[in-house]
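Below is run-v7.cif, holding mmCIF, C-alpha atoms and all ligand atoms.
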```
data_start
loop_
_atom_site.label_atom_id
_atom_site.label_comp_id
_atom_site.auth_asym_id
_atom_site.auth_seq_id
_atom_site.Cartn_x
_atom_site.Cartn_y
_atom_site.Cartn_z
CA MET A 1 -189.96 -104.62 -67.31
CA ILE A 2 -192.46 -106.09 -64.88
CA GLU A 3 -191.69 -106.78 -61.25
CA ALA A 4 -194.08 -108.55 -58.90
CA THR A 5 -193.02 -108.74 -55.27
CA SER A 6 -194.89 -110.90 -52.77
CA LEU A 7 -198.24 -110.22 -54.41
CA THR A 8 -201.10 -111.50 -52.28
CA ARG A 9 -204.84 -111.32 -52.86
CA ARG A 10 -207.63 -112.68 -50.70
CA TYR A 11 -211.30 -113.13 -51.44
CA GLY A 12 -213.04 -113.55 -48.10
CA ALA A 13 -211.15 -116.19 -46.16
CA THR A 14 -209.48 -117.64 -49.25
CA THR A 15 -206.02 -116.54 -50.35
CA VAL A 16 -206.12 -116.91 -54.15
CA VAL A 17 -202.71 -115.36 -54.81
CA ASP A 18 -200.19 -116.07 -52.12
CA ASP A 19 -196.81 -114.32 -51.94
CA VAL A 20 -196.18 -114.40 -55.69
CA SER A 21 -192.93 -112.84 -56.91
CA PHE A 22 -191.39 -112.79 -60.36
CA THR A 23 -189.55 -110.52 -62.77
CA CYS A 24 -190.07 -110.17 -66.50
CA PRO A 25 -186.97 -108.59 -68.05
CA PRO A 26 -187.01 -106.55 -71.28
CA GLY A 27 -186.33 -108.59 -74.40
CA THR A 28 -188.04 -111.68 -73.06
CA VAL A 29 -191.35 -113.52 -73.19
CA THR A 30 -192.47 -114.86 -69.82
CA GLY A 31 -195.09 -117.61 -69.77
CA PHE A 32 -197.34 -117.54 -66.71
CA LEU A 33 -198.71 -121.03 -66.35
CA GLY A 34 -201.18 -122.74 -64.13
CA PRO A 35 -204.38 -124.77 -64.11
CA ASN A 36 -207.90 -123.30 -63.88
CA GLY A 37 -208.31 -121.23 -60.75
CA ALA A 38 -204.54 -121.09 -60.08
CA GLY A 39 -204.57 -117.30 -59.68
CA LYS A 40 -203.17 -116.22 -63.04
CA SER A 41 -205.87 -113.72 -63.99
CA THR A 42 -205.98 -112.29 -60.48
CA THR A 43 -202.21 -111.74 -60.61
CA LEU A 44 -202.41 -110.11 -64.06
CA ARG A 45 -205.21 -107.87 -62.78
CA MET A 46 -202.98 -106.73 -59.93
CA VAL A 47 -200.08 -106.10 -62.32
CA THR A 48 -202.35 -103.94 -64.50
CA GLY A 49 -203.95 -101.97 -61.68
CA LEU A 50 -207.42 -103.53 -61.96
CA SER A 51 -207.22 -105.18 -58.58
CA THR A 52 -205.51 -103.97 -55.43
CA PRO A 53 -203.18 -106.42 -53.70
CA ASP A 54 -203.79 -107.17 -50.03
CA ALA A 55 -200.01 -107.35 -49.72
CA GLY A 56 -197.03 -106.97 -52.00
CA THR A 57 -196.43 -104.73 -54.98
CA ALA A 58 -196.30 -104.85 -58.75
CA THR A 59 -194.52 -102.38 -60.98
CA VAL A 60 -194.42 -101.91 -64.72
CA ALA A 61 -191.51 -99.89 -66.13
CA GLY A 62 -190.60 -99.00 -62.55
CA LEU A 63 -193.98 -97.68 -61.38
CA PRO A 64 -197.20 -99.19 -60.07
CA PHE A 65 -199.57 -99.32 -63.07
CA ARG A 66 -201.93 -96.72 -61.61
CA ARG A 67 -199.08 -94.23 -61.34
CA LEU A 68 -197.99 -94.51 -64.98
CA PRO A 69 -198.63 -91.12 -66.61
CA ASN A 70 -199.82 -92.56 -69.94
CA PRO A 71 -200.31 -96.28 -69.31
CA GLY A 72 -201.60 -97.19 -72.79
CA ARG A 73 -198.31 -95.99 -74.25
CA VAL A 74 -196.30 -98.09 -71.82
CA VAL A 75 -198.21 -101.33 -71.47
CA GLY A 76 -200.57 -103.07 -73.86
CA ILE A 77 -203.13 -105.23 -72.11
CA MET A 78 -205.47 -107.97 -73.24
CA LEU A 79 -207.21 -109.61 -70.33
CA ASP A 80 -210.57 -110.43 -71.88
CA ALA A 81 -210.79 -110.52 -75.65
CA SER A 82 -214.60 -110.57 -75.46
CA ALA A 83 -214.78 -107.28 -73.56
CA GLN A 84 -215.20 -105.15 -76.71
CA HIS A 85 -218.52 -103.58 -77.67
CA GLY A 86 -220.24 -106.00 -80.07
CA GLY A 87 -222.02 -103.25 -82.00
CA ARG A 88 -218.86 -101.55 -83.31
CA THR A 89 -216.82 -102.76 -86.22
CA GLY A 90 -213.22 -103.81 -85.71
CA ARG A 91 -212.06 -100.64 -87.40
CA GLU A 92 -214.31 -98.41 -85.28
CA THR A 93 -213.05 -100.14 -82.15
CA LEU A 94 -209.43 -99.46 -83.02
CA ARG A 95 -210.12 -95.93 -84.29
CA LEU A 96 -211.90 -95.03 -81.04
CA ALA A 97 -209.08 -96.47 -78.97
CA ALA A 98 -206.55 -94.58 -81.12
CA SER A 99 -208.27 -91.28 -80.37
CA LEU A 100 -208.35 -92.08 -76.63
CA LEU A 101 -204.65 -92.90 -76.70
CA ASP A 102 -203.95 -89.86 -78.85
CA VAL A 103 -202.20 -91.85 -81.57
CA PRO A 104 -202.76 -91.06 -85.27
CA PRO A 105 -205.90 -92.75 -86.68
CA GLY A 106 -203.76 -94.35 -89.40
CA ARG A 107 -202.20 -96.49 -86.68
CA ALA A 108 -205.57 -98.23 -86.24
CA ASP A 109 -205.41 -99.35 -89.87
CA ASP A 110 -201.80 -100.45 -89.46
CA MET A 111 -202.85 -102.61 -86.51
CA LEU A 112 -205.74 -104.16 -88.49
CA GLU A 113 -203.20 -105.10 -91.14
CA LEU A 114 -200.75 -106.43 -88.57
CA VAL A 115 -203.27 -108.70 -86.87
CA GLY A 116 -204.80 -109.96 -90.11
CA LEU A 117 -208.15 -108.18 -89.84
CA ALA A 118 -207.76 -105.67 -92.69
CA GLY A 119 -210.42 -105.59 -95.41
CA ARG A 120 -213.79 -107.23 -94.83
CA PRO A 121 -213.23 -108.29 -91.18
CA ALA A 122 -212.40 -104.67 -90.30
CA ARG A 123 -215.89 -103.65 -91.46
CA GLN A 124 -217.70 -106.43 -89.60
CA ARG A 125 -219.27 -105.85 -86.21
CA VAL A 126 -217.21 -107.29 -83.37
CA GLY A 127 -220.33 -109.11 -82.10
CA ARG A 128 -220.02 -111.27 -85.21
CA TYR A 129 -216.35 -112.06 -84.70
CA SER A 130 -215.17 -115.56 -83.88
CA LEU A 131 -213.14 -115.95 -80.69
CA GLY A 132 -209.94 -116.09 -82.74
CA MET A 133 -210.84 -112.81 -84.47
CA ARG A 134 -211.54 -111.21 -81.10
CA GLN A 135 -208.14 -112.33 -79.89
CA ARG A 136 -206.57 -110.74 -82.95
CA LEU A 137 -208.45 -107.51 -82.35
CA GLY A 138 -207.39 -107.63 -78.69
CA ILE A 139 -203.76 -107.92 -79.75
CA GLY A 140 -204.22 -104.99 -82.13
CA LEU A 141 -205.66 -102.93 -79.29
CA ALA A 142 -202.83 -103.92 -76.98
CA LEU A 143 -200.22 -102.87 -79.56
CA LEU A 144 -201.98 -99.66 -80.59
CA GLY A 145 -200.10 -97.35 -78.24
CA ASP A 146 -196.74 -98.81 -79.32
CA PRO A 147 -196.03 -100.03 -75.78
CA ASP A 148 -192.83 -101.54 -74.43
CA VAL A 149 -194.70 -104.09 -72.35
CA LEU A 150 -197.49 -106.55 -73.19
CA VAL A 151 -199.66 -108.33 -70.61
CA LEU A 152 -201.90 -110.94 -72.23
CA ASP A 153 -204.30 -113.36 -70.56
CA GLU A 154 -204.65 -116.57 -72.58
CA PRO A 155 -203.84 -114.93 -75.94
CA ALA A 156 -203.85 -118.25 -77.82
CA ASN A 157 -207.39 -119.06 -76.68
CA GLY A 158 -209.59 -119.66 -79.73
CA LEU A 159 -206.79 -119.36 -82.26
CA ASP A 160 -206.33 -122.14 -84.80
CA PRO A 161 -202.87 -123.71 -85.24
CA ASP A 162 -201.99 -121.15 -87.89
CA GLY A 163 -203.12 -118.35 -85.60
CA ILE A 164 -201.10 -119.74 -82.72
CA ARG A 165 -197.99 -119.80 -84.91
CA TRP A 166 -198.69 -116.25 -86.05
CA MET A 167 -199.09 -115.12 -82.43
CA ARG A 168 -195.81 -116.76 -81.41
CA GLY A 169 -193.98 -115.01 -84.24
CA LEU A 170 -195.50 -111.66 -83.31
CA LEU A 171 -194.59 -111.99 -79.63
CA ARG A 172 -191.10 -113.22 -80.46
CA ARG A 173 -190.45 -110.20 -82.70
CA PHE A 174 -191.86 -107.87 -80.04
CA ALA A 175 -189.47 -109.29 -77.44
CA ASP A 176 -186.53 -109.42 -79.84
CA GLY A 177 -187.09 -105.71 -80.39
CA GLY A 178 -186.55 -105.12 -76.67
CA GLY A 179 -190.16 -105.50 -75.50
CA THR A 180 -191.34 -107.29 -72.38
CA VAL A 181 -194.11 -109.88 -72.67
CA LEU A 182 -196.05 -111.59 -69.89
CA LEU A 183 -198.67 -114.05 -71.07
CA SER A 184 -200.77 -116.60 -69.26
CA SER A 185 -201.78 -120.06 -70.41
CA HIS A 186 -202.98 -123.44 -69.18
CA LEU A 187 -200.73 -125.26 -71.60
CA LEU A 188 -197.07 -125.82 -70.91
CA GLY A 189 -196.25 -127.14 -74.41
CA GLU A 190 -197.83 -124.15 -76.09
CA VAL A 191 -196.03 -121.62 -73.91
CA ALA A 192 -192.69 -123.40 -73.86
CA ALA A 193 -192.51 -122.90 -77.63
CA VAL A 194 -192.30 -119.12 -77.26
CA ALA A 195 -191.42 -118.25 -73.66
CA ASP A 196 -187.84 -117.61 -72.57
CA ARG A 197 -188.93 -117.78 -68.97
CA LEU A 198 -191.69 -119.59 -67.12
CA VAL A 199 -193.53 -118.92 -63.89
CA VAL A 200 -195.75 -121.84 -62.87
CA ILE A 201 -198.42 -121.27 -60.24
CA ALA A 202 -201.04 -123.49 -58.67
CA GLY A 203 -203.24 -122.83 -55.67
CA GLY A 204 -202.02 -119.22 -55.75
CA ARG A 205 -198.40 -120.20 -55.04
CA VAL A 206 -195.37 -120.21 -57.33
CA ARG A 207 -194.36 -123.81 -57.98
CA ALA A 208 -191.46 -123.16 -60.35
CA ALA A 209 -189.85 -120.16 -62.01
CA GLY A 210 -186.84 -119.61 -64.20
CA ALA A 211 -185.44 -119.91 -67.70
CA THR A 212 -187.51 -122.28 -69.85
CA SER A 213 -184.40 -124.15 -71.04
CA GLU A 214 -183.28 -124.77 -67.45
CA LEU A 215 -186.68 -125.73 -66.11
CA LEU A 216 -187.39 -128.15 -68.93
CA GLU A 217 -183.91 -129.65 -69.18
CA GLY A 218 -184.16 -133.43 -69.09
CA GLN A 219 -188.00 -133.40 -69.03
CA ASP A 220 -189.12 -135.69 -71.86
CA ASP A 221 -192.77 -135.61 -70.93
CA LEU A 222 -193.91 -132.02 -70.54
CA GLU A 223 -197.44 -132.98 -69.61
CA GLU A 224 -196.30 -135.25 -66.81
CA TYR A 225 -193.80 -132.66 -65.52
CA TYR A 226 -196.47 -129.94 -65.49
CA PHE A 227 -198.92 -132.24 -63.76
CA ARG A 228 -196.37 -133.03 -61.04
CA LEU A 229 -195.53 -129.37 -60.55
CA THR A 230 -199.10 -128.21 -60.29
CA THR A 231 -200.42 -130.97 -58.09
CA ALA A 232 -197.52 -131.34 -55.64
CA GLU A 233 -197.62 -129.48 -52.35
CA PRO A 234 -195.58 -126.29 -52.69
CA ALA A 235 -192.34 -126.04 -50.73
CA GLY A 236 -193.04 -124.61 -47.25
CA ALA A 237 -196.79 -125.10 -47.69
CA ALA A 238 -197.46 -125.76 -44.04
CA ARG A 239 -198.55 -122.36 -42.88
N1 LIG B 1 -214.00 -111.54 -57.77
C1 LIG B 1 -213.79 -112.72 -57.18
N2 LIG B 1 -214.42 -113.06 -56.03
C2 LIG B 1 -214.20 -114.25 -55.42
N3 LIG B 1 -213.33 -115.16 -55.88
C3 LIG B 1 -212.65 -114.87 -57.01
C4 LIG B 1 -212.84 -113.64 -57.72
N4 LIG B 1 -212.03 -113.64 -58.80
C5 LIG B 1 -211.37 -114.82 -58.77
N5 LIG B 1 -211.74 -115.56 -57.70
C6 LIG B 1 -211.23 -116.87 -57.34
O1 LIG B 1 -209.83 -116.79 -57.31
C7 LIG B 1 -209.24 -118.00 -57.75
C8 LIG B 1 -208.22 -117.68 -58.84
O2 LIG B 1 -208.93 -117.24 -59.99
P1 LIG B 1 -208.18 -116.72 -61.30
O3 LIG B 1 -209.25 -116.28 -62.25
O4 LIG B 1 -207.14 -115.75 -60.93
O5 LIG B 1 -207.50 -118.07 -61.81
P2 LIG B 1 -206.86 -118.39 -63.23
O6 LIG B 1 -205.57 -119.07 -62.94
O7 LIG B 1 -206.83 -117.19 -64.08
O8 LIG B 1 -207.90 -119.45 -63.78
P3 LIG B 1 -208.40 -119.75 -65.28
O9 LIG B 1 -207.28 -120.41 -65.96
O10 LIG B 1 -209.56 -120.66 -65.04
O11 LIG B 1 -208.80 -118.43 -65.90
C9 LIG B 1 -210.37 -118.89 -58.21
O12 LIG B 1 -210.66 -119.82 -57.17
C10 LIG B 1 -211.52 -117.92 -58.39
O13 LIG B 1 -212.75 -118.57 -58.14
#
```

Represent the supplied structure as structure tokens.
Ligand SMILES: Nc1ncnc2c1ncn2[C@@H]1O[C@H](COP(=O)(O)OP(=O)(O)OP(=O)(O)O)[C@@H](O)[C@H]1O
Amino acid sequence: MIEATSLTRRYGATTVVDDVSFTCPPGTVTGFLGPNGAGKSTTLRMVTGLSTPDAGTATVAGLPFRRLPNPGRVVGIMLDASAQHGGRTGRETLRLAASLLDVPPGRADDMLELVGLAGRPARQRVGRYSLGMRQRLGIGLALLGDPDVLVLDEPANGLDPDGIRWMRGLLRRFADGGGTVLLSSHLLGEVAAVADRLVVIAGGRVRAAGATSELLEGQDDLEEYYFRLTTAEPAGAAR
């Protein structure tokens, strides 16, 4: 599971993540929602040890990410699907990652199959991939170490409607098998379709958090509800 407690991050005089707390229990998908610049990526970077909080803590499977003995086997991460070397093929990318994680090379091929990149796409250079293909490769990389936890920044970005449906199914099955998923998005409708729980942030502060069914109960217009949540002043904002 993932536990964030009062996470805070400042850049210069600006607090971009302000006292953010949430829990992602095993067996659930948590959607982390907010508009551009809300602080989602910064929070995910703190959860995955890429950025050090100015205050607060984040743990994955009970430990701060940097203290996990074999992090790739515990948590699969996709923060930037375009971060892969463009000169390697999809298969080479996964094979190399498999050797670094010390998983059998055959697992790389299994992942290519799983994410729909087996065959010709596996032999293409990643630099030639569409954004949707990069997202698929990123998911394959995240799943390579057979982790219990997935942390994904905007995984639906660049996927076509079919791809989005595929991604939902994959994440649902992962969670139904006991896994923990935390994924970010700008789009409430898209996330509400798969997430059991939602954490909505704006201006670095949590605006709403809880079970999706409870938060959305009686809300006929998701867009309007989301707009209200993310533009209203947060409770106790005067500080
Ligand atoms: N390295 C940095 N230095 C200075 N400011 C930063 C840095 N990284 C992020 N920020 C600022 O922190 C704020 C939150 O950014 P963040 O990327 O976490 O938002 P986000 O919710 O992921 O947005 P988006 O949906 O656009 O990706 C923004 O105002 C951004 O400009």

Go through the chains and note each residue within 6 Å of ligand LIG 1 (chain B), using all atoms listed in the file, then give the set as a PDB file with C-alpha atoms, in the frame of the given file.
```pdb
ATOM      1  CA  TYR A  11    -211.300-113.130 -51.440  1.00  0.00           C
ATOM      2  CA  VAL A  16    -206.120-116.910 -54.150  1.00  0.00           C
ATOM      3  CA  GLY A  34    -201.180-122.740 -64.130  1.00  0.00           C
ATOM      4  CA  PRO A  35    -204.380-124.770 -64.110  1.00  0.00           C
ATOM      5  CA  ASN A  36    -207.900-123.300 -63.880  1.00  0.00           C
ATOM      6  CA  GLY A  37    -208.310-121.230 -60.750  1.00  0.00           C
ATOM      7  CA  ALA A  38    -204.540-121.090 -60.080  1.00  0.00           C
ATOM      8  CA  GLY A  39    -204.570-117.300 -59.680  1.00  0.00           C
ATOM      9  CA  LYS A  40    -203.170-116.220 -63.040  1.00  0.00           C
ATOM     10  CA  SER A  41    -205.870-113.720 -63.990  1.00  0.00           C
ATOM     11  CA  THR A  42    -205.980-112.290 -60.480  1.00  0.00           C
TER      12      THR A  42
END
```

task = Write out as a PyMOL selection string the residues lying within 10 Å of Leu171 of chain A, counting all atoms listed in the file and excluding same-chain residues fewer than 3 positions away.
result = chain A and resi 28-29+150+166-168+174-177+179-183+194-195

Shortest interatomic distance to Ala122 of chain A - which of A:Asp80, A:Asp110, A:Glu3, A:Asp221, counting only C-alpha atoms =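 Nearest candidate to Ala122 of chain A out of A:Asp80, A:Asp110, A:Glu3, A:Asp221: A:Asp110.
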
**Asked** Can you tell me, as a PyMOL selection string, what residues are no more than 8 Å from Pro155 of chain A when counting only C-alpha atoms, ignoring any on the same chain fewer than 4 positions away?
**Response** chain A and resi 78+135+139+183-185

In Å and to one decimal, atom CA of Asp18 of chain A is distant from atom CA of Gly204 of chain A by 5.1 Å

So that I can check the surroundings of Gly132 of chain A, please list as a list in words every protein, DNA and RNA residue that reaches within 8 Å of it, counting only C-alpha atoms and ignoring chain neighbours fewer than 5 positions away.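 Everything that qualifies: Asn157, Gly158, Leu159, Asp160 and Gly163 of chain A.
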
Between A:Thr212, A:Ser130, A:Thr14, A:Thr59, which residue has the minimum interatomic distance to Val75 of chain A, considering all atoms listed in the file?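 Checking each of A:Thr212, A:Ser130, A:Thr14, A:Thr59 against Val75 of chain A, counting all atoms listed in the file, the winner is A:Thr59.
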
Counting only C-alpha atoms, closest pick from A:Val20, A:Ala4, A:Val191, A:Leu94 relative to Arg205 of chain A is A:Val20

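In terms of minimum interatomic distance to Ala142 of chain A, A:Gly72 ranks closest within A:Thr23, A:Glu214, A:Gly72, A:Gly56, counting all atoms listed in the file.
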